[in-house]
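Enquirer: Here you go, one structure.
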Amino acid sequence: MTSLPTYTNKKLGLVIDLDTCVGCHACATNCKEWNAGGHSAPLTDYDPYGAKPDGVWFNRVHSFEVKRGDRPNLTINFPRSCLHCDNAACVTVCPTGASYKRVEDGIVLVNTDKCIGCKLCSWACPYGAREFDEDEGVMKKCTLCIDRIYNENLDPEDRQPACVLTCPAGARHFGDLNDPESDVSQLTAARHGRDLMPELGYKPTNKYLPPRARKVDHADIGAPEELEPIEADGFLGWLDKVLSK
Amino acid sequence: MNEQKKPSSTMHGPVNDPHAADDQVDLSPTLGEEVKYTTCYMCACRCGIKVYLHDGKVRYIQGNRNHPVNGGVLCGKGSSGIMQHYSPARLHKPLKRVGERGTNEYEEIEWEEALQIATERLAGIRATDPKKLAFFTGRDQSQALTGWWASQFGTPNYAAHGGFCSVNMAAGGLYTIGGAFWEFAEPDWHHSKYFMMFGVAEDHDSNPIKKGLGMLKNRGAKFVAVNPVRTGYGAIADEWVGIRPGTDGLFIMSLVHELLKSGNVDVDYLIRYTNSGWLVIQDEGAADHGLFARDAEGNPLCWDMDTEGLANAKSGKVERPALKGEFTLADGRRAVPSFQILAERYLDPQYAPEQIAHVCGLQAAQIKRIAAELAHVAFKETIEIDQEWTDWTGQTHDKMIGRPVSFHAMRGISAHSNGFHTCRMLHILQVLLGSVEVPGGFRVKAPYPKHIPPGIKPAGRADQVNPNTPLPGAPLGFPTGPEDLLLEDDGTPRRIDKAYSWEHPISSHGLMHMVIHNAWKGDPYKIDTLMMFMANMSWNSSMNTAGTIEMLTDKDENGEYKIPFIIYADAYFSEMVQYADLILPDTTYLERHDCISLLDRPISNADACADAIRYPVVEPDRDVRGFQSVLIDLGHRIGLPGLTNEDGTAKYPGGLPDYMVNHERAPGIGMLGGWRGEQGDKPLKGEVNPKQLQKYIENQSFWQHEFAPDQRYFKMANKNYLDWSADMGLLPNGDPIIFQLYSEVFQKFRLAAEGHGPHTPPKADAERILKFFDPLPIWYQPIEETMVDGKEFPLHALTQRPMHMYHSWGSQNAWLRQITGKNRLFVHEDVAAKIGAVDDDWVWLSSHHGRIRCQIKIVDGVNPNTVWTWNAIGKRRGAWNLDKDAIEAKEGFLLNHLISELLPIQGDGYRYSNSDPITGQAAWFDLRVKIEKAEPSQFGESWPQFPVVEKFDQLPDTPKVSRYGDVFRKKREGK
Amino acid sequence: MHPAFSVIFFTTCSGAGYGLLAMMGIFGAADMLPSDRWMGLAGLFFALGLVTIGLLSSTFHLGRPERAWRAMTQWRSSWLAREGVMAVLTYIPAGLFGLGWVFFETTSGLWAVAGVITAVLAWLTVACTAKIYHTLRPIHQWHNDWTVPSYLLLSVMSGAVLMSVLIHLFDVVNPYIQALTVVTLALGWGLKTMYWNFNKSTCGLPSVNSAIGIDAAGDVSVLELPHTSDNYLMKEMGYKVARKHADKLRTISHVTGFALPLVFSLFAMFVDGYIALAAVVIAWGLCSLGIIVERWLFFAEARHTVNLYYGETCV
């Protein structure tokens, strides 16, 4: 049933680095192509060659601008997908048991054979991670590439979510956030990784690394504020001295 | 993440969850029966891809982890390849026009008939006047073949699309350091501590830049983005320098000014690797004023401060050449070291930050600080690699010393009419800092660096173009003086695009953006046939799109088309196909052979030289052929000697794959460098190996040769690298490559413009040459800007390609068009406030040339004098087999309508092309515009709109719902 | 939130239906209504009819209505499942109660127990419906202390308005029932007014800054949305109603849902015969319209946190 497990053996999830994401949409389209034929296949597209194409995507990349007063303004690219929350209300609200959180690894999944398409889970998710397939009448969502991460038909190095493997800038990381020694936990600690909308108490597994402090001041890299002009004979005089060394 | 044990999906945890348990998650589903490795072609980046096939259908495309370009990652375009491959816009069969151009009246014909039509036409041209064939390729990575083909045909009228892409970057680099930006070089991502990027949106090199930036950021290097727009890469930069478009050159000069004034230049480096010490003749009015003083053998001279005498500057024996002073030559004339001219030029107070900051839209303090930071990192944070190496003089150095500052630049500086000089100035900045080809600096990729400039001259002079005769060389090359231009006796251009003429003498990539205009106008002459490959010239690849459409359909007084015959090869139903008389349908990238050759644009990186192939991983389900194979077939039918045996049979009956393996440019040197020799054991140079392609396929479609550790830096002067390179035929000889800060080539043109020598330009051109051909970089306001009223058109207008679409031929891609189906004009909030507009309002944008209507989005991250939009999103209604009300057509728009291929009319009535006066680079970004709010009744649709393109019968109906991938699941689940 | 007709119809219809059913159960059990067969038949038929139509209508918004039965399995965690279970359970005592009333013309004794149980289950069903919305933390306009009381009260109120029609139809004079109608209308009006004021004056805790995980200090605006056409999230969760438009509808709801029914119901207390009947029928008609508008606003004015990603600053 759709009660949440009291604990999960692992908390597999993503750590997404907003300091490095260039907004190239690679994670989004690679997710699309993997999952189009994957566990929740297909990721239906509506009117794909028509007036206003739309479709099912598990990962969408937003971009924002941030005005910060005396600090430099920012442009932020923000990939958004399921956060596989500890406190996943999308699971508990499900009336049919189609939504569930796996005890083994904390992945939140939908059994599309059971889903009645009531959409309540999408209402319960603050992050917009649920994607309704109008054509099939069922809800779909990020599976954290459950059909990749354990897939014995893949090379061991490839057993990662498609979005992580493909990210050109290396802005996405995958691992067990339950294990404090894991790379993702270490990274989260070092870079002060954040929960999204912590106010709501969903306890998302995925973490977002906020932009690093921007090195805009000369002192940030130990440089002087400006260069001292050469005194006396000027540059060409200086050049003589250099050459006569 | 490695899972040793496969957890069971039915494992019970602390809460017994029967519902979860009955969801039999298949943790190890099959991906199909086959995996094939080829090379991506969703853009020009050439990443390795791993294609999973399931029942002959493409299940998944992944980056190839072992590939030198992408190392496993794959971008947004590459990951959307499935939709490109199965696009309903794919052409199916050759077509012959039976109605008027610009209609859908075509008749499907067999390939044999198509080839016969082309053969007859082309053979006729070749037998009479070969230059009447203009052959231009758009999206092409096989210029080693297409250029050679044109040369075999005997027409000088050949180029790829570099002229409207970024020839300024290629030429600026090749005439200065023997290497260039694009993908031909890379910052030392592993060691660089300070990286400046100028004018790069998504661009060459797509994935390596993203990977590199990720690396830099993780290492804590500082990243500065110089760009009027703060998106993409700029978004993650430590510092965004929102410069005014077209002023980068001035900004760089000001940085150089600061460095020189403070003595922060790498003098040892300049002495060793550059022409700083070469003496320049000072004899105003003489025919050799400003040229290098040379000895009897032609060697440049320097002043040896140890012997206090003149010496051969290239001997490698002068340890302390003078970099300043005035010296007397043997003939009694005076000469000064070129560096002195350079230093005096940029030390001039006119380049002080305070003087130029307002022009660039920057603060003087910011320019000074960046100069200080560059100097600090270059000279105070020097890095050393414990690696012995030997320079070209034989001297051994026990360390490789690096100045860890690096730069990259692309279209943002290239697509201006002052881009050549700006590019050269940037290279000069790098060289002054001693950061080219050093650890942490800017590294060139094999086969570069080349001698400066590369020793190929353009062929196509009157005596070189003859009926039924190949050209004696390549159509494109690198002039080193007026004598290398392609001119008629009266000084008029020889080429249809006016490349290598006085108008733009160093146009090393041709001027594709002028071909249709000139052919239509018959200026400088009329042509017979225009043959093009994947170039959407009636739409987003042209300036003056509406005018170009008219030119393509315009008829003379006899009712004949002014451009008599157009042969066009394309894989897709682009806006261009309906203007062709003969359409040759090409394959998709997964269905074709290609050769990413060291003779052309290989996939090398700074540590290895490498090349790659593409081969069909799926067979075409349509009657289409790869254009390169068609070209080889056609060439044989015409009887081109390189493609025809003595007995008249085809030399390469197997088409492109046959040619890739068996064609030799010089003995032992062919298209592919890997597994040459009869045993397949010779790298780069060796006999033809019939099993070569098989070896490539076994090796995941690429080959690479890693350089020894001592060959990896200082390649321009590294004995072991240069000798190896010469041995392998990558360089003609092992001579060092000496960076040309002061460029004699430009002085030669200037002297000609002053009236010296046998080749002198007409008066009008002479004025331009005197103004623009300076042996040291200059900055001038972009030309169009100086000719239009800056008060009337106060704003700059730019485009960028979105990262998920750059070079991707991709708006019809069912996935990518969901991401960007329409474009809006991004305007600074101040601009919007001035016209009282809010987000999503519609505006009129006008230039001296035209007017468009589009929707706006107000942003903060843009230079306040600049508006910009995503390029090539707007589509013509009906094109690409999209719905006639597709959002791209209804709401998307092109900025191209505002850009003229010609500059405004000048005093004498002549209109030069809208290009860099040196290289002919299309000056897309010189555009000036004004903005006005549209009437509310005009909201909702972009303008201009064009008649709907009626689709060809051979195109399928498009689905209302696409369920790509459901068959894989059904099969897996046994449904 | 997208104001889906099926859901609006369901909640208003079944709300009124359960209200009436509960009223029948309580007043019937309390012997405050005549145990006349026709009265019972009409009342229960109408109540259960509304409930049933409402429930059926709710399945229309399902992607897979044929699987609707599954919706009752997860009653341990899901308020939607509980609502389904309660809705079905309510039929049992209601059926028994109806049996007594219609066939045996009695509402006392054990039949009365069934009536009380019917009422309790009916209210519980409505409470479950309310809890579905109340528990949705991403929607501040629902996840507050007003949602459950107002659903319950409006259900009782709609039931009372209907009841008053019923008693006037059967010429039953019962000042308590008519007074209850007046009182619940007044209370409902007051509660909904306060609820609307609460929604107008507050935002949910999450901000776009916390939604994207950056410092609170910084003014965030959308540069570009992920896709250029509307997607499911925007269509389902991104419904926007103009403030002006909403205020107009709110006025309609105030007037037709509460004020006028209150006037007419009050008026009915002082007249009788056809005039009284006409008054309560008008009150019912207006009230139904007003409650449908109220329910439309309940959805349309609900701002889901996902809108923070799509340009909203207060959700």
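Here, A, B, ... name the chains of the structure tokens in the order displayed, residue numbers run from 1 inside each chain, and ligands are numbered from 1 in the same displayed order.
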With 7 Å as the cut-off and only C-alpha atoms counted, what is the closest atom pair between each nearby residue of chain C and chain A? Distances in Å to one decimal, ordered by chain and number, as CSV.
Expert:
residue,atom,partner,partner_atom,distance
C:His61,CA,A:Cys118,CA,6.8
C:Leu62,CA,A:Cys118,CA,4.8
C:Gly63,CA,A:Gly137,CA,3.7
C:Arg64,CA,A:Ile116,CA,4.7
C:Pro65,CA,A:Ile116,CA,6.5
C:Arg67,CA,A:Ile116,CA,5.6
C:Ala68,CA,A:Ile116,CA,6.2
C:Arg70,CA,A:Thr96,CA,5.0
C:Ala71,CA,A:Pro95,CA,4.6
C:Met72,CA,A:Pro95,CA,6.2
C:Thr73,CA,A:Thr96,CA,5.7
C:Gln74,CA,A:Pro95,CA,5.0
C:Ser77,CA,A:Thr92,CA,5.3
C:Ser78,CA,A:Val93,CA,4.5
C:Trp79,CA,A:Val93,CA,6.6
C:Leu80,CA,A:Pro95,CA,5.7
C:Ala81,CA,A:Pro95,CA,4.5
C:Leu136,CA,A:Ala124,CA,5.4
C:Arg137,CA,A:Leu200,CA,6.5
C:Pro138,CA,A:Pro126,CA,4.8
C:Leu205,CA,A:Glu199,CA,6.4
C:Pro206,CA,A:Met197,CA,5.6
C:Ser210,CA,A:Met197,CA,5.0
C:Ala211,CA,A:Met197,CA,5.0
C:Ile212,CA,A:Leu196,CA,6.1
C:Gly213,CA,A:Leu196,CA,5.4
C:Ile214,CA,A:Pro210,CA,5.6
C:Ala217,CA,A:Arg68,CA,6.6
C:Gly218,CA,A:Arg68,CA,4.5
C:Asp219,CA,A:Lys67,CA,4.9
C:Val220,CA,A:Val66,CA,4.4
C:Ser221,CA,A:Glu65,CA,5.3
C:Val222,CA,A:Phe64,CA,4.5
C:Leu223,CA,A:Phe64,CA,4.6
C:Glu224,CA,A:Ser63,CA,5.2
C:Leu225,CA,A:His62,CA,5.2
C:Pro226,CA,A:His62,CA,4.7
C:Ser229,CA,A:Lys52,CA,5.7
C:Asp230,CA,A:Asp54,CA,7.0
C:Asn231,CA,A:Asp54,CA,5.9
C:Tyr232,CA,A:Phe132,CA,6.6
C:Leu233,CA,A:Gly128,CA,6.5
C:Thr305,CA,A:Pro126,CA,5.3
C:Val306,CA,A:Gly128,CA,5.3
Enquirer: Tell me the residues of chain B close to chain C, meaning within 8 Å using only C-alpha atoms, as a list in words.
Expert: Gln818, Ile819, Thr820, Gly821, Lys822 and Val859 of chain B
Enquirer: Could you list, as a PDB file with N, CA and C atoms, in the first residue's frame, every residue within 9 Å of C:Trp296, counting only C-alpha atoms and ignoring same-chain residues fewer than 2 positions away?
Expert:
ATOM      1  N   PRO C   3      -9.950  24.465 -12.861  1.00  0.00           N
ATOM      2  CA  PRO C   3     -11.277  24.170 -12.313  1.00  0.00           C
ATOM      3  C   PRO C   3     -12.011  23.176 -13.215  1.00  0.00           C
ATOM      4  N   ALA C   4     -11.733  21.898 -13.017  1.00  0.00           N
ATOM      5  CA  ALA C   4     -12.332  20.876 -13.872  1.00  0.00           C
ATOM      6  C   ALA C   4     -13.813  20.757 -13.543  1.00  0.00           C
ATOM      7  N   PHE C   5     -14.611  20.788 -14.573  1.00  0.00           N
ATOM      8  CA  PHE C   5     -16.059  20.761 -14.341  1.00  0.00           C
ATOM      9  C   PHE C   5     -16.476  19.520 -13.558  1.00  0.00           C
ATOM     10  N   ILE C   8     -15.805  20.010  -9.877  1.00  0.00           N
ATOM     11  CA  ILE C   8     -16.694  21.023  -9.300  1.00  0.00           C
ATOM     12  C   ILE C   8     -18.087  20.434  -9.131  1.00  0.00           C
ATOM     13  N   ILE C 291     -22.938  28.220  -5.038  1.00  0.00           N
ATOM     14  CA  ILE C 291     -21.963  27.248  -4.517  1.00  0.00           C
ATOM     15  C   ILE C 291     -21.101  26.691  -5.656  1.00  0.00           C
ATOM     16  N   ILE C 292     -21.716  26.552  -6.829  1.00  0.00           N
ATOM     17  CA  ILE C 292     -20.896  26.127  -7.981  1.00  0.00           C
ATOM     18  C   ILE C 292     -19.832  27.191  -8.272  1.00  0.00           C
ATOM     19  N   VAL C 293     -20.250  28.433  -8.206  1.00  0.00           N
ATOM     20  CA  VAL C 293     -19.274  29.520  -8.434  1.00  0.00           C
ATOM     21  C   VAL C 293     -18.212  29.501  -7.328  1.00  0.00           C
ATOM     22  N   GLU C 294     -18.696  29.294  -6.098  1.00  0.00           N
ATOM     23  CA  GLU C 294     -17.766  29.223  -4.956  1.00  0.00           C
ATOM     24  C   GLU C 294     -16.747  28.109  -5.187  1.00  0.00           C
ATOM     25  N   PHE C 298     -12.792  28.086  -5.657  1.00  0.00           N
ATOM     26  CA  PHE C 298     -11.954  27.266  -4.768  1.00  0.00           C
ATOM     27  C   PHE C 298     -10.810  26.653  -5.568  1.00  0.00           C
ATOM     28  N   PHE C 299     -11.097  26.169  -6.754  1.00  0.00           N
ATOM     29  CA  PHE C 299     -10.052  25.585  -7.598  1.00  0.00           C
ATOM     30  C   PHE C 299      -9.249  26.669  -8.317  1.00  0.00           C
ATOM     31  N   ALA C 300      -9.975  27.566  -8.956  1.00  0.00           N
ATOM     32  CA  ALA C 300      -9.289  28.526  -9.823  1.00  0.00           C
ATOM     33  C   ALA C 300      -8.337  29.424  -9.038  1.00  0.00           C
ATOM     34  N   GLU C 301      -8.681  29.690  -7.787  1.00  0.00           N
ATOM     35  CA  GLU C 301      -7.823  30.592  -7.012  1.00  0.00           C
ATOM     36  C   GLU C 301      -6.757  29.852  -6.219  1.00  0.00           C
TER      37      GLU C 301
END
Enquirer: For the structure I just gave you, how does DSSP split stretch 43-188 of chain C - specifically, which residues are alpha helix (DSSP H)? Reply as an NGL selection string.
Expert: :C and (43-60 or 79-98 or 110-134 or 147-169 or 175-188)
Enquirer: Could you write out, as a VMD selection string, all the residues of stretch 47-287 of chain C that DSSP marks as strand (DSSP E or B)?
Expert: chain C and resid 139 219 to 224
Enquirer: Hey, can you spit out that residue selection with N, CA and C atoms as a PDB file, in the first residue's frame?
Expert:
ATOM      1  N   ILE C 139      -0.568  23.468  -1.819  1.00  0.00           N
ATOM      2  CA  ILE C 139      -1.596  24.452  -2.166  1.00  0.00           C
ATOM      3  C   ILE C 139      -2.051  25.153  -0.893  1.00  0.00           C
ATOM      4  N   ASP C 219      16.250  38.768  -6.036  1.00  0.00           N
ATOM      5  CA  ASP C 219      14.953  38.945  -6.660  1.00  0.00           C
ATOM      6  C   ASP C 219      14.929  38.074  -7.922  1.00  0.00           C
ATOM      7  N   VAL C 220      14.168  36.995  -7.880  1.00  0.00           N
ATOM      8  CA  VAL C 220      14.235  35.994  -8.953  1.00  0.00           C
ATOM      9  C   VAL C 220      13.137  36.237  -9.980  1.00  0.00           C
ATOM     10  N   SER C 221      13.510  36.175 -11.246  1.00  0.00           N
ATOM     11  CA  SER C 221      12.496  36.251 -12.303  1.00  0.00           C
ATOM     12  C   SER C 221      12.791  35.177 -13.351  1.00  0.00           C
ATOM     13  N   VAL C 222      11.742  34.799 -14.056  1.00  0.00           N
ATOM     14  CA  VAL C 222      11.906  33.754 -15.069  1.00  0.00           C
ATOM     15  C   VAL C 222      12.625  34.332 -16.281  1.00  0.00           C
ATOM     16  N   LEU C 223      13.656  33.639 -16.731  1.00  0.00           N
ATOM     17  CA  LEU C 223      14.285  34.009 -18.000  1.00  0.00           C
ATOM     18  C   LEU C 223      13.578  33.262 -19.114  1.00  0.00           C
ATOM     19  N   GLU C 224      13.611  31.948 -19.022  1.00  0.00           N
ATOM     20  CA  GLU C 224      12.865  31.155 -20.003  1.00  0.00           C
ATOM     21  C   GLU C 224      12.248  29.948 -19.329  1.00  0.00           C
TER      22      GLU C 224
END
Enquirer: Skip B:Asn468 itself and residues of its chain fewer than 5 positions away, then list as a PDB file with C-alpha atoms, in the first residue's frame all residues within 9 Å of it, counting only C-alpha atoms.
Expert:
ATOM      1  CA  ALA B 123      29.760  17.916 -68.226  1.00  0.00           C
ATOM      2  CA  ILE B 125      29.790  23.353 -68.205  1.00  0.00           C
ATOM      3  CA  ARG B 126      33.100  21.645 -67.644  1.00  0.00           C
ATOM      4  CA  ALA B 127      33.707  21.293 -71.380  1.00  0.00           C
ATOM      5  CA  THR B 128      33.128  25.007 -71.949  1.00  0.00           C
ATOM      6  CA  ASP B 129      33.720  27.181 -68.895  1.00  0.00           C
ATOM      7  CA  PRO B 130      34.114  25.278 -65.618  1.00  0.00           C
ATOM      8  CA  PHE B 153      36.092  19.800 -61.908  1.00  0.00           C
ATOM      9  CA  GLY B 154      38.146  22.893 -62.550  1.00  0.00           C
ATOM     10  CA  GLY B 639      34.940  12.029 -66.257  1.00  0.00           C
ATOM     11  CA  LEU B 640      36.914  13.821 -63.559  1.00  0.00           C
TER      12      LEU B 640
END
Enquirer: Can you pull out the residues contacting stretch 159-175 of chain C? Cut-off 8 Å, using only C-alpha atoms, and skip same-chain residues under 5 positions away; I want them as an NGL selection string.
Expert: :C and (15-24 or 32-34 or 39 or 43 or 180-181 or 184 or 269 or 273 or 276-277 or 280-281 or 283-284 or 287)
Enquirer: Can you pull out every residue within 10 Å of B:Thr799, counting only C-alpha atoms, but drop anything in the same chain fewer than 3 positions away, and send it as a list of chain:residue names?
Expert: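 The filter keeps B:Ala201, B:Val229, B:Gly412, B:Pro802, B:Leu825, B:Phe826, B:Val867, B:Trp868, B:Thr869, B:Trp870, B:Asn871, B:Ala872, B:Leu894, B:Leu895, B:Asn896, B:Trp924, B:Phe925.
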Enquirer: Find the residues near stretch 498-506 of chain B: any atom within 6 Å, counting only C-alpha atoms, skip ones fewer than 2 places away on the same chain, and give them as a list in words.
Expert: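 Neighbouring residues, sequence-local ones excluded: Leu485, Leu486, Pro493, Arg495, Ile496, Ser508, Gly510, Pro917, Ile918, Thr919 and Gly920 of chain B.
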Enquirer: From the set B:Ala343, B:Ala322, B:Ile177, B:Ile638, which residue has the shortest atom-to-atom contact distance to B:His451, counting only C-alpha atoms?
Expert: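 Looking at the shortest contact to B:His451, the residue is B:Ile177.
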Enquirer: Mind giving me the straight-line distance from atom CA of B:Ala717 to atom CA of B:Trp675 in Å, one decimal?
Expert: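 These atoms are spaced 28.1 Å apart.
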Enquirer: Smallest atom-to-atom distance to chain B: which of A:Pro161, A:Gly106, A:Pro180, A:Gly37, using only C-alpha atoms?
Expert: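 Closest candidate: A:Gly37.
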